Structures are given as structure tokens and as C-alpha cells.
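One file, entry.txt, is given below (compact mmCIF, C-alpha atoms).
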# COMPACT_ATOMS: atom_id res chain seq x y z
CA MET T 28 81.59 80.74 136.91
CA THR T 29 84.21 81.56 139.56
CA THR T 30 87.54 82.47 137.98
CA GLU T 31 89.81 83.62 140.82
CA THR T 32 91.41 80.26 141.64
CA ILE T 33 91.33 78.56 138.24
CA THR T 34 94.76 78.03 136.69
CA ALA T 35 95.95 76.88 133.30
CA ALA T 36 96.55 73.40 134.73
CA ALA T 37 92.77 72.87 134.63
CA SER T 38 92.92 72.83 130.81
CA GLY T 39 95.05 69.69 130.75
CA SER T 40 98.45 69.23 129.12
CA TRP T 41 100.08 68.31 125.84
CA THR T 42 103.70 67.73 124.88
CA LEU T 43 105.53 69.73 122.21
CA GLY T 44 108.33 67.29 121.49
CA ASP T 45 109.74 66.82 124.97
CA LEU T 46 108.23 70.05 126.37
CA ALA T 47 105.03 69.71 128.41
CA VAL T 48 102.64 72.65 128.25
CA HIS T 49 99.19 73.41 129.59
CA ARG T 50 96.57 73.57 126.84
CA ILE T 51 95.71 77.18 127.67
CA GLY T 52 98.63 79.41 126.79
CA PHE T 53 99.08 83.09 126.01
CA GLY T 54 99.55 84.98 122.75
CA ALA T 55 101.68 88.13 122.91
CA MET T 56 100.40 89.88 119.76
CA ARG T 57 98.08 92.28 121.58
CA LEU T 58 100.57 93.37 124.25
CA THR T 59 102.35 96.03 122.25
CA GLN T 60 99.54 98.37 121.20
CA ASN T 61 96.03 99.55 121.92
CA GLY T 62 93.55 98.76 119.19
CA GLU T 63 94.15 96.76 116.05
CA ALA T 64 97.41 94.83 115.88
CA PHE T 65 99.85 96.02 113.19
CA ALA T 66 97.83 99.18 112.47
CA ALA T 67 100.16 102.02 111.47
CA ASP T 68 98.42 104.49 113.80
CA ALA T 69 98.04 102.13 116.79
CA ALA T 70 98.96 103.73 120.10
CA PRO T 71 101.64 101.86 122.07
CA GLY T 72 100.30 99.81 124.95
CA ASP T 73 101.09 100.64 128.55
CA ARG T 74 104.44 99.03 129.41
CA ARG T 75 103.75 98.43 133.08
CA ARG T 76 100.37 96.90 132.33
CA ALA T 77 101.85 94.57 129.72
CA ILE T 78 104.52 93.41 132.14
CA SER T 79 101.95 92.84 134.86
CA VAL T 80 99.76 90.79 132.49
CA LEU T 81 102.71 88.56 131.57
CA ARG T 82 103.63 88.01 135.20
CA ARG T 83 100.02 87.31 136.10
CA ALA T 84 99.83 84.74 133.31
CA ILE T 85 102.72 82.86 134.89
CA GLU T 86 101.05 83.09 138.31
CA LEU T 87 97.94 81.54 136.74
CA GLY T 88 99.97 78.57 135.54
CA VAL T 89 100.46 79.55 131.91
CA ASN T 90 103.65 77.90 130.66
CA HIS T 91 103.27 78.37 126.88
CA ILE T 92 103.71 81.83 125.37
CA ASP T 93 103.45 82.54 121.65
CA THR T 94 105.35 85.52 120.27
CA ALA T 95 107.29 86.88 117.27
CA ALA T 96 109.90 89.53 116.56
CA PHE T 97 107.39 91.23 114.24
CA TYR T 98 105.02 91.80 117.17
CA PHE T 99 105.89 95.42 117.89
CA SER T 100 104.45 98.94 117.91
CA SER T 101 106.26 102.27 117.75
CA LEU T 102 107.54 101.92 121.34
CA ARG T 103 106.92 98.31 122.35
CA SER T 104 108.34 94.92 121.39
CA ALA T 105 106.54 91.80 122.56
CA ASN T 106 109.78 89.83 122.85
CA GLU T 107 111.48 92.50 124.91
CA LEU T 108 108.42 92.84 127.16
CA ILE T 109 108.55 89.08 127.74
CA ASN T 110 112.26 89.30 128.52
CA ARG T 111 111.77 92.20 130.93
CA ALA T 112 108.79 90.63 132.67
CA LEU T 113 109.87 87.01 132.98
CA ALA T 114 113.66 86.61 132.81
CA PRO T 115 115.20 84.65 134.38
CA TYR T 116 112.62 82.37 132.85
CA PRO T 117 110.80 79.65 134.82
CA ASP T 118 112.19 76.20 134.03
CA ASP T 119 108.86 74.96 132.66
CA LEU T 120 108.10 77.98 130.45
CA VAL T 121 107.95 77.22 126.71
CA ILE T 122 108.28 80.22 124.40
CA THR T 123 107.16 79.65 120.83
CA THR T 124 108.06 82.17 118.16
CA LYS T 125 107.42 82.60 114.44
CA VAL T 126 109.71 83.46 111.56
CA GLY T 127 109.08 84.15 107.90
CA PRO T 128 107.27 87.50 107.99
CA GLY T 129 109.18 90.65 108.82
CA ARG T 130 108.54 94.37 109.30
CA ASN T 131 110.86 97.32 108.91
CA PRO T 132 111.35 99.79 111.81
CA SER T 133 108.40 101.88 110.63
CA GLY T 134 106.16 98.83 110.83
CA GLU T 135 105.75 98.20 107.10
CA TRP T 136 105.64 94.55 106.03
CA LEU T 137 108.64 93.16 104.17
CA PRO T 138 108.75 90.25 101.72
CA HIS T 139 108.88 86.95 103.60
CA ALA T 140 112.36 85.84 104.51
CA THR T 141 114.42 83.74 102.14
CA PRO T 142 116.09 80.59 103.49
CA LYS T 143 119.31 82.57 104.09
CA GLN T 144 117.45 85.38 105.87
CA LEU T 145 115.73 83.02 108.30
CA ARG T 146 118.90 82.66 110.38
CA GLY T 147 118.91 86.42 110.96
CA GLN T 148 115.30 86.27 112.12
CA VAL T 149 116.08 83.42 114.50
CA GLU T 150 119.06 85.32 115.90
CA GLU T 151 116.94 88.46 116.36
CA ASN T 152 114.43 86.46 118.41
CA LEU T 153 117.28 85.04 120.47
CA ARG T 154 118.66 88.53 121.12
CA GLN T 155 115.32 90.08 122.07
CA LEU T 156 114.32 87.21 124.33
CA GLY T 157 117.77 86.87 125.89
CA ARG T 158 117.95 83.15 125.13
CA ASP T 159 120.71 80.88 123.83
CA HIS T 160 118.16 78.73 122.00
CA LEU T 161 114.49 78.96 121.02
CA ASP T 162 112.09 76.33 122.39
CA VAL T 163 109.80 76.13 119.34
CA VAL T 164 110.03 78.02 116.05
CA ASN T 165 107.11 78.05 113.61
CA LEU T 166 107.71 78.75 109.94
CA ARG T 167 104.87 81.09 109.02
CA ILE T 168 103.99 81.12 105.33
CA VAL T 169 101.55 82.58 102.82
CA GLY T 170 100.40 80.65 99.77
CA THR T 171 100.69 77.09 98.56
CA ASP T 172 104.26 76.96 97.21
CA SER T 173 106.85 74.50 98.49
CA ILE T 174 108.31 75.22 101.91
CA ALA T 175 111.14 72.69 101.60
CA GLU T 176 114.01 75.17 101.27
CA ARG T 177 112.82 77.41 104.07
CA PHE T 178 111.93 74.60 106.45
CA GLY T 179 115.21 72.92 105.59
CA ALA T 180 117.07 76.07 106.63
CA LEU T 181 115.34 75.96 110.01
CA ALA T 182 116.10 72.25 110.32
CA GLU T 183 119.78 73.10 109.93
CA LEU T 184 119.51 75.65 112.77
CA ARG T 185 117.84 72.96 114.86
CA GLU T 186 120.77 70.65 114.21
CA ALA T 187 123.10 73.49 115.22
CA GLY T 188 121.32 73.83 118.57
CA LEU T 189 119.70 77.24 118.05
CA ILE T 190 116.21 75.72 117.92
CA ARG T 191 114.83 72.86 119.99
CA HIS T 192 111.64 72.03 118.07
CA LEU T 193 109.99 73.10 114.81
CA GLY T 194 106.44 73.89 113.80
CA VAL T 195 104.58 75.38 110.83
CA SER T 196 101.95 78.10 110.60
CA ASN T 197 99.21 79.12 108.15
CA ILE T 198 99.76 75.99 106.08
CA ARG T 199 97.91 73.41 103.99
CA PRO T 200 98.08 69.65 104.62
CA HIS T 201 100.65 69.09 101.87
CA HIS T 202 103.00 71.50 103.63
CA LEU T 203 102.89 69.40 106.79
CA ALA T 204 103.85 66.28 104.86
CA GLU T 205 106.62 68.19 103.10
CA ALA T 206 108.03 69.49 106.40
CA GLN T 207 107.82 66.09 108.11
CA ALA T 208 109.97 64.60 105.38
CA ILE T 209 112.71 67.02 106.46
CA ALA T 210 112.49 67.18 110.26
CA PRO T 211 110.00 66.42 113.08
CA VAL T 212 107.07 68.84 113.36
CA VAL T 213 105.60 69.35 116.84
CA CYS T 214 102.80 71.80 116.04
CA VAL T 215 100.62 73.34 113.37
CA GLN T 216 99.41 76.88 114.02
CA ASN T 217 96.45 77.78 111.79
CA MET T 218 93.36 79.97 111.96
CA TYR T 219 90.53 77.98 113.52
CA GLY T 220 87.40 78.44 115.60
CA ILE T 221 83.63 78.38 115.31
CA GLY T 222 82.96 78.80 111.60
CA ALA T 223 86.12 77.09 110.35
CA SER T 224 85.98 75.47 106.93
CA PRO T 225 85.49 71.71 106.46
CA GLU T 226 89.09 71.54 105.20
CA GLN T 227 90.37 73.07 108.43
CA GLU T 228 88.23 70.67 110.46
CA GLU T 229 89.70 67.71 108.59
CA PHE T 230 93.23 69.07 109.00
CA LEU T 231 92.71 69.39 112.76
CA ARG T 232 91.72 65.72 112.88
CA THR T 233 94.73 64.73 110.77
CA CYS T 234 97.08 66.48 113.18
CA GLY T 235 95.51 64.62 116.10
CA GLU T 236 95.96 61.29 114.35
CA GLN T 237 99.64 62.09 113.85
CA GLY T 238 100.23 63.35 117.38
CA VAL T 239 100.91 66.89 116.19
CA ALA T 240 99.61 69.75 118.33
CA PHE T 241 97.05 71.98 116.60
CA VAL T 242 97.32 75.57 117.85
CA PRO T 243 94.52 77.85 116.59
CA PHE T 244 94.91 81.57 116.19
CA TYR T 245 91.93 83.95 116.16
CA SER T 246 89.83 81.36 118.00
CA ILE T 247 88.31 84.23 120.00
CA ALA T 248 88.67 87.04 117.47
CA GLY T 249 86.95 85.11 114.70
CA THR T 250 86.09 87.52 111.91
CA GLY T 251 87.59 90.32 114.00
CA ARG T 252 91.08 88.95 113.33
CA GLU T 253 93.75 91.58 114.23
CA ALA T 254 91.07 93.97 115.48
CA GLY T 255 90.07 91.70 118.36
CA ALA T 256 87.07 89.69 119.51
CA THR T 257 84.20 89.23 117.13
CA THR T 258 80.98 91.15 117.77
CA ASP T 259 78.74 88.98 115.59
CA ASP T 260 78.30 85.91 117.79
CA ASN T 261 75.12 83.92 117.21
CA SER T 262 72.39 84.29 119.83
CA GLN T 263 72.83 80.62 120.72
CA VAL T 264 76.49 81.23 121.60
CA HIS T 265 75.33 83.95 123.98
CA ALA T 266 72.67 81.62 125.37
CA VAL T 267 75.28 78.98 126.20
CA ALA T 268 77.47 81.69 127.74
CA ARG T 269 74.62 82.94 129.94
CA ALA T 270 73.89 79.40 131.09
CA HIS T 271 77.44 79.12 132.40
CA GLY T 272 77.74 82.70 133.60
CA VAL T 273 80.68 83.38 131.29
CA SER T 274 81.44 85.47 128.20
CA ALA T 275 80.94 84.47 124.58
CA ALA T 276 84.74 84.61 124.20
CA GLN T 277 85.11 81.96 126.90
CA ILE T 278 82.60 79.74 125.12
CA ARG T 279 84.59 80.12 121.89
CA LEU T 280 87.76 79.07 123.70
CA ALA T 281 86.11 76.17 125.47
CA TRP T 282 84.52 74.90 122.26
CA THR T 283 87.91 74.99 120.54
CA LEU T 284 89.58 73.02 123.33
CA HIS T 285 86.82 70.42 123.14
CA ARG T 286 87.87 69.63 119.55
CA GLY T 287 90.61 67.28 120.74
CA PRO T 288 93.27 66.75 123.43
CA HIS T 289 95.95 67.87 120.96
CA VAL T 290 94.32 71.30 120.52
CA LEU T 291 96.09 74.11 122.38
CA ALA T 292 94.88 77.69 122.79
CA ILE T 293 96.93 80.89 122.79
CA PRO T 294 94.42 83.71 123.45
CA GLY T 295 96.06 87.09 123.66
CA THR T 296 95.10 90.16 125.65
CA GLY T 297 96.53 93.19 127.36
CA ASN T 298 93.64 93.23 129.83
CA PRO T 299 94.24 91.52 133.21
CA ALA T 300 90.55 90.67 133.66
CA HIS T 301 90.33 89.10 130.21
CA LEU T 302 93.47 87.09 130.97
CA THR T 303 91.82 85.59 134.04
CA GLN T 304 88.70 84.77 132.03
CA ASN T 305 90.69 83.18 129.23
CA VAL T 306 92.57 80.92 131.63
CA ALA T 307 89.32 79.99 133.38
CA ALA T 308 87.84 78.89 130.05
CA GLY T 309 90.19 75.92 130.16
CA ALA T 310 88.12 74.45 133.00
CA LEU T 311 84.76 75.06 131.34
CA GLY T 312 82.90 71.85 130.58
CA LEU T 313 80.28 71.88 127.85
CA SER T 314 77.45 69.37 127.78
CA GLU T 315 76.80 67.10 124.84
CA ASP T 316 73.72 69.17 123.99
CA GLU T 317 75.76 72.38 124.05
CA LEU T 318 78.47 70.86 121.91
CA THR T 319 75.80 69.76 119.46
CA VAL T 320 74.33 73.28 119.29
CA LEU T 321 77.73 74.91 118.86
CA GLY T 322 78.78 72.25 116.39
CA SER T 323 75.73 72.91 114.26
CA LEU T 324 76.53 76.62 114.26
CA HIS T 325 80.04 75.72 113.24
CA HIS T 326 78.83 73.76 110.24
CA GLU T 327 76.22 76.36 109.32
CA ALA T 328 78.91 79.03 109.26
CA VAL T 329 81.32 77.28 106.88
Let me see whether you can do it: turn the structure in this file into C-alpha cells.
Amino acid sequence: MTTETITAAASGSWTLGDLAVHRIGFGAMRLTQNGEAFAADAAPGDRRRAISVLRRAIELGVNHIDTAAFYFSSLRSANELINRALAPYPDDLVITTKVGPGRNPSGEWLPHATPKQLRGQVEENLRQLGRDHLDVVNLRIVGTDSIAERFGALAELREAGLIRHLGVSNIRPHHLAEAQAIAPVVCVQNMYGIGASPEQEEFLRTCGEQGVAFVPFYSIAGTGREAGATTDDNSQVHAVARAHGVSAAQIRLAWTLHRGPHVLAIPGTGNPAHLTQNVAAGALGLSEDELTVLGSLHHEAV
């Protein structure tokens, strides 16, 4: 599969509220360090390489970048790398960030933000990115408790003009309904990929029926999660990859995008070659037979 001229436009488009994005985006989590994300001993990533990857992503048509203020290593901040690389920002660039989790300067995780603390997290993202408003803010949560107070606090910041659109991350279906009763929700960002549970599969379909973007994380990493791409792909995944002359990671991305027009992808990398491959996966067509094979693996794995 030739990758040099393929851009993110080949993946198609979706609208986050009133913001049009290509379905292949870019996740900034892996820009700040070498090795496992958030590891205490992770070596900082190369600054010039990170900046070049971000600029190359824009050249390849990427106009949706996912980031967070808690994406940092001992010397690198994803938000500040984005600011340095891309400001003044292209008019069509949509930057999505997450609030809720937090880390202290040494990198240790803090308790999730209270409703009152969320404003400080929003303002920190604004400062680091050099913006006067945030395009999309996802409330990232852990657990099954009510999100009404926290999402309500973000809804107030949206009314104040600091946030344009709201989303939710790592949630259950009842959280989406709870949030929608407070303010419009443009996206759900949950873990999803080959091997997702039946509940996640059903939730993806529900989002599509409601016109809400579904934005998977770890769609390439799979069981590797923060450590990076999975190394336990089924032989049939590799067989499909060989048939197309691409990597197993590209097949994982393509399969995910085939799950519905409302499904976006935000693969992250600090490797320029992997970036090009990830973007090219948006143009990869899978046959009905291949989708059947991969779908059966999906259901076998859950």
C-alpha cells in the first residue's frame, strides 16, 4: 500500500458540533516521552522530533488533535509542544482536551478534580495551548457515580465562552444520558478496538444512532495500553495485513473506522513513519470477507 500521498481527508469527515474534522486524527499522549506513557522513569522524548511530527500531521491533513494538560514527562508538555509547533493555529484545526484527572509536578496522579477545580484545569489548558477558548473538552471519569455536578460545571464554562463543545470519556451509557440532560454532548471517548466487550459494541451503536461521535482510545495499542501497540495480534490479523501490504496496526485502525461513519480515530505516535502509516490507514478498504474474519476475532476475544 503506497502511503506517501495519502492524507487524512481520505478517511472521510464527521462534525463535532459545528466543527468538521477528518476521521483520522492524532493523539498527543506519546509525544512527551520514550517508552510507556506516564511511567515515572520514562525518558523525555526528543523535542525537535515531536514538533516535526505535529507539523507533519498537519501537512498530511490531520485537523483533529487530542491532548490533555496531564500529558507530560519530566521535560515535555504535550500542550506546549502543540503550541510551539502549530501556533498560530490553522483555521480548521480542532484541538480536543480532557479534564478530570491531574498529576502533580513529579508526575504522581492526584484525585480527580472536583467541580470547582475543573475551572482551574480548563484555564491551565488554555494557558498551555495559548488559546482564548477550547474547541472540545471531554470530562474524563473513573467509576459509575453520577457526573452531573462535574459536567454541570463544564457546562457553565461553555456558557461563559471558555469551551465551545463538550464530550465525555471513559463512561457508561447512563453517564451519556445524564450529561445530555445538562448540555449537548458531541463525542464519547472510550477504549475500543478488536476485542471490545459486547457492551462497548452496543454503546458504539447507540452513539451512532444519536449522532454522537465515538472516539476510541487504544484502538492500536489494545492490551498494550499505555505501553504501546499490542504484540499479541491473531495470525489472521497478520494475514489480512500481508494481503494489503500494511502493518497489523493499520488493520486495527481500518477495522475500527469501518464500525461506523461516526467513529473517529486518534492514534498517537512520536515516530514520523508510523504517523504516515496511521494516516494512510484511513484510506484502507477491507472486503466483506475480511470484515467477517476480523469481526469473528472481535467476538471471540470478548
List every protein, DNA or RNA residue that has an atom no more than 6 Å from (96.7, 81.3, 135.0) in the file's coordinate frame, counting all atoms listed in the file, and report them as a ChimeraX atom specification.
-> /T:34-35,84,86-89,306
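One distance worth recording is that between atom CA of T:Glu186 and atom CA of T:Gly129, which is 23.7 Å.
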Take atom CA of T:Glu151 and atom CA of T:Leu58 and report the distance between them in Å, one decimal.
-> 18.8 Å
Name the closest residue to T:Gln216 among the candidates T:Phe97, T:Phe178, T:Phe241, T:Trp282; distances are taken between atoms, counting all atoms listed in the file.
-> T:Phe241
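Reported to one decimal place, the separation of atom CA of T:Pro294 from atom CA of T:Ser100 is 19.1 Å.
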Find the nearest atom pair between each residue of stretch 38-95 of chain T and stretch 188-201 of chain T for residues within 10 Å, count all atoms listed in the file, give distances in Å to one decimal, sort rows by chain and ascending number, and present the table as CSV.
residue,atom,partner,partner_atom,distance
T:Leu43,CA,T:His192,CA,7.7
T:Gly44,CA,T:His192,CA,6.7
T:Asp45,CA,T:His192,CA,8.9
T:Leu46,CA,T:His192,CA,9.2
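Residues in contact range of T:Arg83, defined as at most 12 Å between all atoms listed in the file, with sequence neighbours fewer than 4 positions away removed, read Glu31, Thr34, Ala35, Phe53, Arg76, Ala77, Ile78, Ser79, Leu87, Gly88, Val89, Asn90, Ala112, Leu113, Thr296, Gly297, Asn298, Pro299, Ala300, His301, Leu302, Thr303 and Val306 of chain T.
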